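The block underneath contains the structure these notes are about, expressed in structure tokens.
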Amino acid sequence: MSLLPALQDPAGSPATREAVRFGEQSLGYGRLAAAADALATRIAQAGRVAVWATPAPETVVAVVAALRAGVPAVPLNPKTGERELAHIVSDSAPSTVLAAAGDVLPPALASLTRVDVDTAAAPQPSDASFPEPSPESPALIVYTSGTTGPPKGAVLPRRAIAATLDALEDAWQWTGDDVLVHALPLFHVHGLILGILGPLRRGGSVRHLGRFSTEGVARELESGGTMLFGVPTMYHRIAEALADPTASVGLTKALAGARLLVSGSAALPVHDHERIAAATGRRVIERYGMTETLMNTGVRADGEPRPGTVGGPLRGVELRLVEEDGSALTDPASIGEIQVRGPNLFTGYLNRPDATAAALTADGWFRTGDMATLDPDGYVRIVGRKATDLIKSGGYKIGAGEIENALLDHPGVREAAVTGEPDPDLGERIVAWVVPADPGSPPPAEELAGHVAAQLSPHKRPRTVRYLDALPRNDLGKIMKRSLHG
Ligand code: MCA
Ligand code: AMP
């Protein structure tokens, strides 16, 4: 079966049915297929393309076109700063960048051929038809942060995308009648693969809010939306809005009427889960995944939404907990690292065989770095992470090391350490501990935040800066981050 059957054969699918909607802009299956095919012809020889992944229909047309043409696509966060963008472009080496006609692209993309995406384009009679590429061929390269160094490109084959979306179809009884509502960014797995390719593979619809708001969620769920996907920060903001029952009558009704409310990308706090359940009578279900593995576990639509758990392994996914040395847990009730194996896994990190080898065991298990326990019925409870230098803020994975490097580039910074602190809205908040070059005039916090946003990405900017005379170090000179908060 092709990756997007409803687009492969629009004649056999509901060509007039809405595929995607962003605000006032809507694309039916027929028009999306036509625009994507016209673009696919233009990029068929491009080798690899970058997609300027704004929350807009052009992004959908661009990604679908790349998939049709069998050309790997690298979705770019349009807010990425200079240094990070330069890294992604040189690492992934796309020949071409696909963007909406009016988008202004940064200098880091100047050397690429620009192709404007036309959502109204129609294929010409001379256009090629596209055979379905092999399941192992790379479909998307998605950049993801590690503890140190710049982000790595996870190469996601068609096989993994198909397997994860079909496992979610099974778990959530996801059909072409579903109308998914979300406001997730389109340059990560959650928003792009689950949130766009998910509905398109099922022949269903997606309504993207452009920018998250509780009003937008209420509006779209009340007017036909059946499912909501979000990160915990979004559900926290929903729970906050529900706390004022008179102001949130529409939101309460909209959530109560939805078929499925799904949270992922980070742990949903039990407090927010319970507040939403108390106000709406509906329980949010969680699923657990990673850029490298796509989705691993999930609570089923017909399963028990147990707060604090992410459900059991999805169809086709093997999951086990291991000790520090990789051996099986001696006490099945204790904490171990989650390892997963299955058709949902990536093929490796682009240009990083070392990192790929380190992430996988000899027999193909992926080391997630997430620590968990198992309930007796197989439900997974994630209790923490192996690496303290990985921060999850707003559902984004951020490496402390990359922010430290960016801070050290600022002339006003002599030493820097970055940690994550609990935050009710973001889950974790990035905190920078800075030893100023000149203690008499430390660089202002906003200046450091702006510097990191401009170099890396706005979501990687420190939300708090604390100034110190020196960083705590052990006898070997290593920074003792654990003692920073104490
Ligand atoms: C603020 N801004 C700045 C600066 N300060 N820009 C430049 N320089 C600065 N110093 C801008 C920001 O760019 C943003 O712009 C606006 O101000 C607000 O920023 P911020 O406060 O960070 O945003 P927020 O409103 O707090 O965002 C919360 C959020 C967001 C909407 C929940 O964090 C989000 O979309 N998270 C989703 C993450 C996600 O999808 N993760 C999936 C990866 P503007 O207002 O224009 O936006 S994980 C994954 O895929 C795995 C597989 C999984 O399991 O799902
Ligand atoms: P990323 O690399 O950005 O794809 O993020 C993957 C990480 O997000 C996982 O390794 C987990 O730490 C975390 N994560 C994703 N979903 C959940 C969830 N439902 N509960 C807790 N953590 C999650």
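Chains: A, B, ... in order of the structure tokens. Residues: from 1 per chain. Ligands: from 1, in order shown.
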
Shell of 8 Å around range 260-263 of chain A, only C-alpha atoms, local chain residues under 5 positions omitted, as a list in words: Thr226, Met227, Leu228, Phe229, Gly230, Val231, Pro232, Tyr235, Leu255, Leu268, Arg283, Val284, Ile285, Glu286, Arg287 and Ala301 of chain A

For Gly395 in chain A, list every protein, DNA or RNA residue within 10 Å, evaluated using only C-alpha atoms, and leave out those in the same chain fewer than 4 positions away; present the list as a list in words. Leu184, His190, Gly230, Val231, Pro232, Thr233, Met234, Gly264, Ser265, Ala266, Ala267, Ile391, Leu426, Gly427, Glu428 and His459 of chain A

Given the selection you just returned, output its residues as a file containing N, CA and C atoms, formatted as a tab-separated table (two decimals), in the first residue's frame.
chain	number	residue	atom	x	y	z
A	184	LEU	N	0.02	22.19	16.52
A	184	LEU	CA	1.41	21.80	16.73
A	184	LEU	C	2.29	22.28	15.59
A	190	HIS	N	5.43	15.05	16.03
A	190	HIS	CA	4.07	15.14	16.58
A	190	HIS	C	3.14	15.87	15.62
A	230	GLY	N	-2.29	17.42	21.40
A	230	GLY	CA	-1.56	18.56	21.96
A	230	GLY	C	-0.43	18.10	22.85
A	231	VAL	N	0.44	19.04	23.17
A	231	VAL	CA	1.47	18.79	24.17
A	231	VAL	C	0.92	19.18	25.54
A	232	PRO	N	1.54	18.70	26.64
A	232	PRO	CA	0.99	19.00	27.97
A	232	PRO	C	0.82	20.49	28.25
A	233	THR	N	1.70	21.34	27.70
A	233	THR	CA	1.54	22.78	27.93
A	233	THR	C	0.17	23.26	27.42
A	234	MET	N	-0.26	22.71	26.30
A	234	MET	CA	-1.56	23.09	25.75
A	234	MET	C	-2.69	22.60	26.67
A	264	GLY	N	0.83	14.21	24.23
A	264	GLY	CA	2.11	13.53	24.06
A	264	GLY	C	3.24	14.53	23.93
A	265	SER	N	4.45	14.02	23.82
A	265	SER	CA	5.72	14.76	23.71
A	265	SER	C	6.36	15.02	25.06
A	266	ALA	N	5.61	14.94	26.13
A	266	ALA	CA	6.13	15.09	27.49
A	266	ALA	C	5.04	14.56	28.42
A	267	ALA	N	5.37	14.44	29.70
A	267	ALA	CA	4.40	13.87	30.63
A	267	ALA	C	3.29	14.87	30.93
A	391	ILE	N	16.41	18.57	28.33
A	391	ILE	CA	15.31	19.33	28.93
A	391	ILE	C	14.12	19.24	28.00
A	426	LEU	N	5.28	25.01	31.21
A	426	LEU	CA	6.17	24.42	30.20
A	426	LEU	C	6.65	23.01	30.56
A	427	GLY	N	6.33	22.55	31.75
A	427	GLY	CA	6.86	21.27	32.21
A	427	GLY	C	8.23	21.49	32.82
A	428	GLU	N	9.16	21.93	31.99
A	428	GLU	CA	10.47	22.37	32.48
A	428	GLU	C	10.78	23.72	31.86
A	459	HIS	N	12.52	28.77	21.21
A	459	HIS	CA	12.09	27.90	22.32
A	459	HIS	C	13.27	27.39	23.15

Around ligand 1, which protein and nucleic acid residues have at least one atom no more than 8 Å from it, if we count only C-alpha atoms and all ligand atoms? List them as a PyMOL selection string. chain A and resi 79+183-191+211-212+230-234+264-266+287-295+393-397+426+446-447+449-454+457-459+461

Neighbours of Glu169 in chain A within 10 Å (only C-alpha atoms; same-chain residues fewer than 6 positions away dropped), as a ChimeraX atom specification? /A:163,175,198-199,201-202,300-301,315

Between A:Arg385, A:Arg237, A:Arg414, A:His485, which one has atoms that come closest to ligand 2, using only C-alpha atoms and all ligand atoms? A:Arg385

I need the residues in range 76-151 of chain A that are helix (DSSP H, G or I) according to DSSP; give them as a ChimeraX atom specification. /A:82-92,107-109

I'd like the interatomic distance between atom 22 (N, counted along the ligand's line) of ligand 2 and CA of Gly257 in chain A, to a tenth of an Å.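 Between these atoms lies a distance of 26.4 Å.
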
Taking only C-alpha atoms and all ligand atoms into account, which of A:Arg463, A:His410, A:Lys152, A:His271 comes nearest ligand 2? A:Lys152

Here is a test: counting only C-alpha atoms, which residue of A:Ile88, A:Lys253, A:Ala279, A:Val317 is nearest to Ser145 in chain A?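 For Ser145 in chain A, the nearest of the candidates is A:Ile88.
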
Shell of 12 Å around Glu274 in chain A, only C-alpha atoms, local chain residues under 2 positions omitted, as a PyMOL selection string: chain A and resi 235-236+238-240+242-243+268-272+276-285+305-308

What is the CA of Ala34 in chain A to CA of Pro55 in chain A distance in Å? 20.2 Å

What parts of range 305-417 of chain A does DSSP call strand (DSSP E or B)? I'd like the answer as number ranges by chain. A: 312-313, 318-322, 328, 336-341, 348-349, 360, 366-374, 380-385, 390-393, 396-399, 413-417

How many Å separate CA of Pro5 in chain A from atom 6 (C, counted along the ligand's line) of ligand 2? 28.2 Å

Find the residues around Ser95 in chain A up to 8 Å (only C-alpha atoms counted), leave out those fewer than 6 positions away in its own chain, and share them as a PyMOL selection string. chain A and resi 46-50+112-113

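Proximity to Thr148 in chain A at 12 Å, evaluated using only C-alpha atoms and with sequence-adjacent residues fewer than 5 positions away removed, yields Ala355, Ala387, Thr388, Asp389, Leu390, Ile391, Ile398, Gly399, Ala400, Gly401, Glu402, Ile403, Glu404, Asn405, Ala406 and Val418 of chain A.
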